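Asks: Can you read through this structure? Questions will come right after.
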Amino acid sequence: STAKEQTSEERMHKAWDDAFKARQAKSQQQTQQQQQQREEEVEKKEEEELSIGPVVTAGAQAAGYSMQFGDGSTTHVTPRLVRDFTVTRAGLGSIRWLDPVNLRVPHLSRAEIDRVVRIEHGAVFIYSEECGVHCPAPGQGLKKRAEVTLYGCHPRPTKEGNARPEPVKEGSPKPNNKEGNDENNKNERKTSGATPGGAGGEHHAEVAAARNAKYTLRVMKQTARMGAELIEYDADTGVWRFALQL
């Protein structure tokens, strides 16, 4: 009888132990499932956050900024790698990335594009110190090879009609001599009317051509100093296009 009681008690303890272990295993399984669910939710949230790359704010739009993707869309939900990503500022220029860029990186997620990329007259700035955005290593983020187009890069025009006046000579009319001034004005009107089609017009054309050639050489030297490849420059249109590693 005593042996039977011990056996019965052992079976009962074993049943309790098995039940405890089963509850413990179930609890651990539930904990692991909850942990996995939380991790998936965090990963999904991070993925959603990073799926929204740089943004164009109302202020940036007012300043002329826009973004275009390789498929021509302007949506903020971007694929992981974007081809032909382009940032444009109306009237000033654009930057088109020649290498695919990953816009799903933390420092570009919801970043204001006009802070990361600044396009000014005759110049562009990427990850400037005052933008407040982390500058990645070369080959990361927007630090890749791109084609830059700048508008309005004309040589400075000479000031017409601002030639230094000749000194007043003895016997010549004084500035306050009305009769002399009237006669001079008549002569100026006669000569000015004939200048554009005559030798004066040819002279201005030669001066403009020489100025354009000089400025074009300056643009070529500046492009080389930047380590860039000159694609085109037109002094008449003011379009300067080059490729370089940003």
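As shown in the structure tokens, the chain order sets the letters A, B, ...; within each chain, residues go from 1, and ligands are also counted from 1 in the order they appear.
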Contacts of segment 90-94 of chain A at 8 Å or less, counting only C-alpha atoms, minus same-chain residues fewer than 3 places along, as a ChimeraX atom specification?

Replies: /A:64-65,86-87,119-122,148-152

Asks: Print the selection's residues with all heavy atoms to a file, as an mmCIF file, in the first residue's frame.

Replies:
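Written file, selection.cif:
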data_model
loop_
_atom_site.group_PDB
_atom_site.id
_atom_site.type_symbol
_atom_site.label_atom_id
_atom_site.label_comp_id
_atom_site.auth_asym_id
_atom_site.auth_seq_id
_atom_site.Cartn_x
_atom_site.Cartn_y
_atom_site.Cartn_z
ATOM 1 N N GLY A 64 11.877 77.744 -56.317
ATOM 2 C CA GLY A 64 12.092 77.162 -57.636
ATOM 3 C C GLY A 64 12.615 75.749 -57.651
ATOM 4 O O GLY A 64 12.944 75.223 -58.710
ATOM 5 N N TYR A 65 12.690 75.084 -56.475
ATOM 6 C CA TYR A 65 13.245 73.731 -56.423
ATOM 7 C C TYR A 65 12.193 72.683 -56.794
ATOM 8 O O TYR A 65 11.007 72.829 -56.495
ATOM 9 C CB TYR A 65 13.770 73.416 -55.025
ATOM 10 C CG TYR A 65 15.108 74.031 -54.717
ATOM 11 C CD1 TYR A 65 15.199 75.265 -54.080
ATOM 12 C CD2 TYR A 65 16.294 73.390 -55.069
ATOM 13 C CE1 TYR A 65 16.430 75.844 -53.792
ATOM 14 C CE2 TYR A 65 17.530 73.950 -54.784
ATOM 15 C CZ TYR A 65 17.593 75.174 -54.153
ATOM 16 O OH TYR A 65 18.804 75.740 -53.871
ATOM 17 N N THR A 86 17.184 63.755 -60.212
ATOM 18 C CA THR A 86 17.508 65.117 -60.638
ATOM 19 C C THR A 86 16.892 66.133 -59.693
ATOM 20 O O THR A 86 15.720 66.020 -59.324
ATOM 21 C CB THR A 86 16.986 65.386 -62.069
ATOM 22 O OG1 THR A 86 17.502 64.398 -62.960
ATOM 23 C CG2 THR A 86 17.416 66.769 -62.550
ATOM 24 N N VAL A 87 17.692 67.104 -59.291
ATOM 25 C CA VAL A 87 17.206 68.249 -58.522
ATOM 26 C C VAL A 87 17.387 69.486 -59.400
ATOM 27 O O VAL A 87 18.474 69.736 -59.921
ATOM 28 C CB VAL A 87 17.980 68.420 -57.205
ATOM 29 C CG1 VAL A 87 17.506 69.673 -56.468
ATOM 30 C CG2 VAL A 87 17.791 67.193 -56.321
ATOM 31 N N ILE A 119 21.429 75.174 -55.191
ATOM 32 C CA ILE A 119 21.801 75.601 -56.532
ATOM 33 C C ILE A 119 21.683 77.119 -56.578
ATOM 34 O O ILE A 119 20.603 77.665 -56.396
ATOM 35 C CB ILE A 119 20.902 74.961 -57.599
ATOM 36 C CG1 ILE A 119 20.965 73.431 -57.492
ATOM 37 C CG2 ILE A 119 21.308 75.404 -58.998
ATOM 38 C CD1 ILE A 119 20.026 72.701 -58.440
ATOM 39 N N GLU A 120 22.805 77.764 -56.773
ATOM 40 C CA GLU A 120 22.848 79.223 -56.837
ATOM 41 C C GLU A 120 23.308 79.643 -58.232
ATOM 42 O O GLU A 120 23.585 78.801 -59.086
ATOM 43 C CB GLU A 120 23.794 79.780 -55.764
ATOM 44 C CG GLU A 120 23.471 79.340 -54.342
ATOM 45 C CD GLU A 120 22.167 79.910 -53.819
ATOM 46 O OE1 GLU A 120 21.646 80.870 -54.452
ATOM 47 O OE2 GLU A 120 21.664 79.421 -52.791
ATOM 48 N N HIS A 121 23.393 80.947 -58.449
ATOM 49 C CA HIS A 121 23.845 81.430 -59.752
ATOM 50 C C HIS A 121 25.318 81.073 -59.958
ATOM 51 O O HIS A 121 26.197 81.555 -59.246
ATOM 52 C CB HIS A 121 23.655 82.949 -59.856
ATOM 53 C CG HIS A 121 24.052 83.495 -61.192
ATOM 54 N ND1 HIS A 121 25.273 84.074 -61.434
ATOM 55 C CD2 HIS A 121 23.394 83.521 -62.378
ATOM 56 C CE1 HIS A 121 25.347 84.457 -62.684
ATOM 57 N NE2 HIS A 121 24.213 84.120 -63.288
ATOM 58 N N GLY A 122 25.569 80.170 -60.905
ATOM 59 C CA GLY A 122 26.931 79.810 -61.241
ATOM 60 C C GLY A 122 27.610 78.879 -60.259
ATOM 61 O O GLY A 122 28.820 78.681 -60.344
ATOM 62 N N VAL A 148 26.106 68.405 -63.858
ATOM 63 C CA VAL A 148 25.637 69.700 -63.362
ATOM 64 C C VAL A 148 25.398 70.618 -64.562
ATOM 65 O O VAL A 148 26.252 70.735 -65.443
ATOM 66 C CB VAL A 148 26.662 70.344 -62.412
ATOM 67 C CG1 VAL A 148 26.176 71.725 -61.957
ATOM 68 C CG2 VAL A 148 26.897 69.436 -61.211
ATOM 69 N N THR A 149 24.246 71.261 -64.582
ATOM 70 C CA THR A 149 23.919 72.245 -65.609
ATOM 71 C C THR A 149 23.622 73.573 -64.928
ATOM 72 O O THR A 149 22.778 73.626 -64.026
ATOM 73 C CB THR A 149 22.706 71.804 -66.439
ATOM 74 O OG1 THR A 149 22.971 70.528 -67.037
ATOM 75 C CG2 THR A 149 22.415 72.806 -67.542
ATOM 76 N N LEU A 150 24.305 74.616 -65.341
ATOM 77 C CA LEU A 150 24.108 75.944 -64.772
ATOM 78 C C LEU A 150 23.674 76.898 -65.876
ATOM 79 O O LEU A 150 24.190 76.844 -67.001
ATOM 80 C CB LEU A 150 25.387 76.451 -64.116
ATOM 81 C CG LEU A 150 25.892 75.619 -62.920
ATOM 82 C CD1 LEU A 150 27.254 76.120 -62.462
ATOM 83 C CD2 LEU A 150 24.897 75.673 -61.765
ATOM 84 N N TYR A 151 22.715 77.765 -65.548
ATOM 85 C CA TYR A 151 22.205 78.730 -66.514
ATOM 86 C C TYR A 151 22.713 80.130 -66.177
ATOM 87 O O TYR A 151 23.095 80.422 -65.042
ATOM 88 C CB TYR A 151 20.672 78.739 -66.507
ATOM 89 C CG TYR A 151 20.034 77.393 -66.732
ATOM 90 C CD1 TYR A 151 18.950 76.980 -65.967
ATOM 91 C CD2 TYR A 151 20.529 76.528 -67.698
ATOM 92 C CE1 TYR A 151 18.366 75.743 -66.164
ATOM 93 C CE2 TYR A 151 19.947 75.290 -67.908
ATOM 94 C CZ TYR A 151 18.861 74.895 -67.142
ATOM 95 O OH TYR A 151 18.291 73.671 -67.330
ATOM 96 N N GLY A 152 22.676 80.995 -67.177
ATOM 97 C CA GLY A 152 23.007 82.408 -66.958
ATOM 98 C C GLY A 152 24.475 82.674 -66.733
ATOM 99 O O GLY A 152 24.833 83.678 -66.110
#

Asks: When DSSP is applied to the backbone of this structure, which of segment 77-112 of chain A are assigned strand (DSSP E or B)? Write them out as a PyMOL selection string.

Replies: chain A and resi 77+82+86-89+93-97+101+112
